[in-house]
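Student: Contents of protein.cif (mmCIF, C-alpha atoms) are below:
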```cif
data_run
loop_
_atom_site.group_PDB
_atom_site.id
_atom_site.type_symbol
_atom_site.label_atom_id
_atom_site.label_comp_id
_atom_site.auth_asym_id
_atom_site.auth_seq_id
_atom_site.Cartn_x
_atom_site.Cartn_y
_atom_site.Cartn_z
ATOM 1 C CA GLY A 1 23.904 39.840 -16.231
ATOM 2 C CA ALA A 2 24.041 42.174 -19.181
ATOM 3 C CA ILE A 3 23.862 39.574 -21.942
ATOM 4 C CA PRO A 4 20.069 38.923 -22.030
ATOM 5 C CA PRO A 5 19.155 42.647 -22.096
ATOM 6 C CA LEU A 6 21.758 43.280 -24.807
ATOM 7 C CA VAL A 7 20.297 40.461 -26.914
ATOM 8 C CA GLN A 8 16.809 41.887 -26.335
ATOM 9 C CA LEU A 9 18.041 45.318 -27.447
ATOM 10 C CA LEU A 10 19.608 43.694 -30.513
ATOM 11 C CA ARG A 11 16.224 42.166 -31.366
ATOM 12 C CA ASP A 12 13.850 44.993 -30.520
ATOM 13 C CA GLY A 13 15.795 48.231 -30.262
ATOM 14 C CA SER A 14 16.107 51.113 -32.676
ATOM 15 C CA ALA A 15 18.734 50.929 -35.417
ATOM 16 C CA GLY A 16 21.188 52.763 -33.178
ATOM 17 C CA ASP A 17 20.366 50.518 -30.220
ATOM 18 C CA LYS A 18 21.014 47.434 -32.343
ATOM 19 C CA GLU A 19 24.404 48.787 -33.452
ATOM 20 C CA THR A 20 25.390 49.529 -29.861
ATOM 21 C CA ALA A 21 24.226 46.116 -28.637
ATOM 22 C CA ALA A 22 26.169 44.356 -31.410
ATOM 23 C CA TYR A 23 29.252 46.389 -30.509
ATOM 24 C CA ALA A 24 28.923 45.464 -26.839
ATOM 25 C CA LEU A 25 28.319 41.774 -27.549
ATOM 26 C CA GLY A 26 31.323 41.684 -29.882
ATOM 27 C CA ASN A 27 33.546 43.158 -27.189
ATOM 28 C CA LEU A 28 32.171 40.825 -24.524
ATOM 29 C CA SER A 29 32.767 37.740 -26.668
ATOM 30 C CA ALA A 30 36.278 38.694 -27.815
ATOM 31 C CA GLY A 31 38.743 36.217 -26.388
ATOM 32 C CA SER A 32 36.279 34.496 -24.069
ATOM 33 C CA ASP A 33 34.864 31.175 -25.138
ATOM 34 C CA GLU A 34 32.724 31.063 -22.011
ATOM 35 C CA LEU A 35 31.119 34.440 -22.745
ATOM 36 C CA SER A 36 30.792 33.542 -26.429
ATOM 37 C CA GLN A 37 28.857 30.446 -25.434
ATOM 38 C CA SER A 38 26.631 32.465 -23.090
ATOM 39 C CA ILE A 39 25.942 35.017 -25.831
ATOM 40 C CA ALA A 40 25.091 32.291 -28.349
ATOM 41 C CA GLN A 41 22.844 30.504 -25.835
ATOM 42 C CA ALA A 42 21.048 33.793 -25.150
ATOM 43 C CA GLY A 43 19.945 33.821 -28.794
ATOM 44 C CA ALA A 44 22.227 36.541 -30.181
ATOM 45 C CA ILE A 45 23.198 34.808 -33.419
ATOM 46 C CA PRO A 46 19.961 35.227 -35.455
ATOM 47 C CA PRO A 47 19.575 38.975 -34.703
ATOM 48 C CA LEU A 48 23.287 39.546 -35.382
ATOM 49 C CA VAL A 49 22.884 37.858 -38.768
ATOM 50 C CA GLN A 50 19.800 39.982 -39.441
ATOM 51 C CA LEU A 51 21.764 43.141 -38.620
ATOM 52 C CA LEU A 52 24.555 41.931 -40.893
ATOM 53 C CA LYS A 53 22.021 41.558 -43.714
ATOM 54 C CA ASP A 54 19.893 44.668 -43.203
ATOM 55 C CA GLY A 55 21.787 47.095 -41.003
ATOM 56 C CA SER A 56 23.559 50.340 -41.769
ATOM 57 C CA ALA A 57 27.243 50.257 -42.599
ATOM 58 C CA PHE A 58 28.012 50.618 -38.875
ATOM 59 C CA GLY A 59 25.485 47.937 -37.987
ATOM 60 C CA LYS A 60 26.952 45.514 -40.502
ATOM 61 C CA SER A 61 30.451 46.232 -39.245
ATOM 62 C CA PHE A 62 29.534 45.706 -35.580
ATOM 63 C CA ALA A 63 27.536 42.562 -36.395
ATOM 64 C CA ALA A 64 30.456 41.144 -38.394
ATOM 65 C CA ASP A 65 32.839 41.894 -35.517
ATOM 66 C CA ALA A 66 30.543 40.138 -33.060
ATOM 67 C CA LEU A 67 30.063 37.122 -35.335
ATOM 68 C CA CYS A 68 33.804 36.946 -35.894
ATOM 69 C CA SER A 69 34.406 36.864 -32.139
ATOM 70 C CA LEU A 70 31.645 34.324 -31.616
ATOM 71 C CA SER A 71 33.034 32.085 -34.364
ATOM 72 C CA ALA A 72 36.531 32.001 -32.866
ATOM 73 C CA GLY A 73 37.556 28.791 -31.173
ATOM 74 C CA SER A 74 36.598 25.264 -31.957
ATOM 75 C CA ASP A 75 32.919 25.185 -31.054
ATOM 76 C CA TYR A 76 31.385 23.387 -34.027
ATOM 77 C CA GLU A 77 27.873 23.740 -32.623
ATOM 78 C CA ARG A 78 28.190 27.535 -32.492
ATOM 79 C CA SER A 79 29.607 27.633 -36.026
ATOM 80 C CA GLN A 80 26.756 25.431 -37.217
ATOM 81 C CA SER A 81 24.249 27.766 -35.530
ATOM 82 C CA MET A 82 25.735 30.702 -37.411
ATOM 83 C CA ALA A 83 25.542 28.862 -40.713
ATOM 84 C CA GLN A 84 21.945 27.795 -40.035
ATOM 85 C CA ALA A 85 21.042 31.402 -39.186
ATOM 86 C CA GLY A 86 22.288 32.402 -42.639
ATOM 87 C CA ALA A 87 25.573 34.113 -41.697
ATOM 88 C CA ILE A 88 27.634 32.843 -44.618
ATOM 89 C CA PRO A 89 26.041 34.712 -47.573
ATOM 90 C CA PRO A 90 26.112 38.170 -45.915
ATOM 91 C CA LEU A 91 29.680 37.597 -44.711
ATOM 92 C CA VAL A 92 30.699 36.741 -48.274
ATOM 93 C CA GLN A 93 28.847 39.854 -49.478
ATOM 94 C CA LEU A 94 30.729 41.965 -46.928
ATOM 95 C CA LEU A 95 33.957 40.354 -48.105
ATOM 96 C CA ARG A 96 33.144 41.546 -51.631
ATOM 97 C CA ASP A 97 31.648 44.976 -50.945
ATOM 98 C CA GLY A 98 32.671 46.123 -47.467
ATOM 99 C CA SER A 99 35.329 48.558 -46.363
ATOM 100 C CA ALA A 100 38.881 47.270 -46.036
ATOM 101 C CA GLY A 101 38.368 46.638 -42.317
ATOM 102 C CA ASP A 102 35.035 44.924 -42.871
ATOM 103 C CA LYS A 103 36.553 42.710 -45.549
ATOM 104 C CA GLU A 104 39.246 41.635 -43.106
ATOM 105 C CA THR A 105 36.679 40.910 -40.387
ATOM 106 C CA ALA A 106 34.502 38.929 -42.803
ATOM 107 C CA ALA A 107 37.525 36.916 -43.955
ATOM 108 C CA TYR A 108 38.437 36.072 -40.354
ATOM 109 C CA ALA A 109 34.850 35.106 -39.551
ATOM 110 C CA LEU A 110 34.610 32.862 -42.619
ATOM 111 C CA GLY A 111 37.968 31.319 -41.754
ATOM 112 C CA ASN A 112 36.789 30.655 -38.211
ATOM 113 C CA LEU A 113 33.554 29.089 -39.459
ATOM 114 C CA SER A 114 35.365 26.796 -41.870
ATOM 115 C CA ALA A 115 37.952 25.551 -39.362
ATOM 116 C CA GLY A 116 37.495 21.851 -38.782
ATOM 117 C CA SER A 117 34.327 21.500 -40.834
ATOM 118 C CA ASP A 118 34.352 20.224 -44.390
ATOM 119 C CA GLU A 119 30.606 20.875 -44.595
ATOM 120 C CA LEU A 120 30.927 24.550 -43.637
ATOM 121 C CA SER A 121 34.008 24.933 -45.834
ATOM 122 C CA GLN A 122 31.991 23.711 -48.807
ATOM 123 C CA SER A 123 29.133 26.070 -47.951
ATOM 124 C CA ILE A 124 31.556 28.997 -47.817
ATOM 125 C CA ALA A 125 33.268 28.014 -51.057
ATOM 126 C CA GLN A 126 29.916 27.809 -52.839
ATOM 127 C CA ALA A 127 28.443 31.042 -51.401
#
```
Please render this file's structure as structure tokens.
Tutor:
Amino acid sequence: GAIPPLVQLLRDGSAGDKETAAYALGNLSAGSDELSQSIAQAGAIPPLVQLLKDGSAFGKSFAADALCSLSAGSDYERSQSMAQAGAIPPLVQLLRDGSAGDKETAAYALGNLSAGSDELSQSIAQA
């Protein structure tokens, strides 16, 4: 399947490769809990968070979209993995400083992460 090579590209590719891989992973995960789980299990969350922290504006946008899609649903373990990878502070930063579209995506992602978890809700509120 395409998921492992996309995750590898997200880890080791050029800046442009990472943006493209994040875009593809975001589209693959949108609306599919099964694919979201496969993407998370393939190790995509830490490099997506890294791209969200250090990427270009496009990279941050694509990483936020992918994390938003991955955080949808009620998978607490996946949400916890995102929090442990450090996704909350850069999402809050994007909420403050991003474009209008990025702010909306960050808000959705943070809302998804907080759903059903008092612990994650507190982390988001304090970030």
Student: How far is it from atom CA of Tyr108 of chain A to atom CA of Gln80 of chain A, in Å with one decimal?
Tutor: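 Distance between the two atoms: 16.1 Å.
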Student: Taking into account all atoms listed in the file, which residue in the set A:Leu51, A:Ser69, A:Gly31, A:Gln41 is nearest to Gly13 of chain A?
Tutor: A:Leu51
Student: Between atom CA of Ser32 of chain A and atom CA of Gly86 of chain A, what is the distance, to one decimal in Å?
Tutor: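 Interatomic distance here is 23.3 Å.
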Student: I'd like the neighbourhood of segment 87-100 of chain A as an NGL selection string, where a residue qualifies if any of its atoms comes within 8 Å (using all atoms listed in the file), though same-chain residues fewer than 6 positions away should be ignored.
Tutor: :A and (49 or 52-53 or 64 or 106-107 or 109-110 or 123-124 or 127)
Student: Pick from A:Gly73, A:Pro46, A:Gly116, A:Gly111: nearest to Glu34 of chain A, with all atoms listed in the file counted?
Tutor: A:Gly73
Student: List as an NGL selection string the residues having at least one atom at most 9 Å from position (20.6, 38.8, -22.1) as given in the file, counting all atoms listed in the file.
Tutor: :A and (1-9 or 38-39 or 42-44)
Student: Pick out the closest residue to Gly16 of chain A from this set: A:Ser56, A:Ser61, A:Ser121, A:Ser79. Count only C-alpha atoms.
Tutor: A:Ser56
Student: From the options A:Leu35, A:Ala22, A:Ala115, A:Ala30, which residue's atoms come nearest to Leu48 of chain A, counting all atoms listed in the file?
Tutor: A:Ala22
Student: What is the atom CA of Leu113 of chain A-atom CA of Asn27 of chain A distance in Å, reported with one decimal?
Tutor: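 About the pair atom CA of Leu113 of chain A and atom CA of Asn27 of chain A: they are 18.7 Å apart.
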Student: Between A:Ala72, A:Ala40, A:Ala66, A:Met82, which is the closest to Thr20 of chain A once you count all atoms listed in the file?
Tutor: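 Closest to Thr20 of chain A, using all atoms listed in the file: A:Ala66.
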Student: Box for segment 55-71 of chain A - axis-aligned, 5 Å on each of the six sides, all listed atoms - centre and size in Å to one decimal, as AutoDock Vina command-line options.
Tutor:
```
--center_x 28.1 --center_y 41.4 --center_z -37.1 --size_x 22.6 --size_y 28.5 --size_z 21.0
```
Student: Arg78 of chain A: which residues within 8 Å, counting all atoms listed in the file, same-chain residues fewer than 6 positions away excluded, as number ranges by chain?
Tutor: A: 37, 40, 70-71
Student: Can you work out which one of A:Gln122, A:Asn112, A:Tyr23, A:Lys18 has the shortest atom-to-atom distance to Phe62 of chain A, counting only C-alpha atoms?
Tutor: A:Tyr23
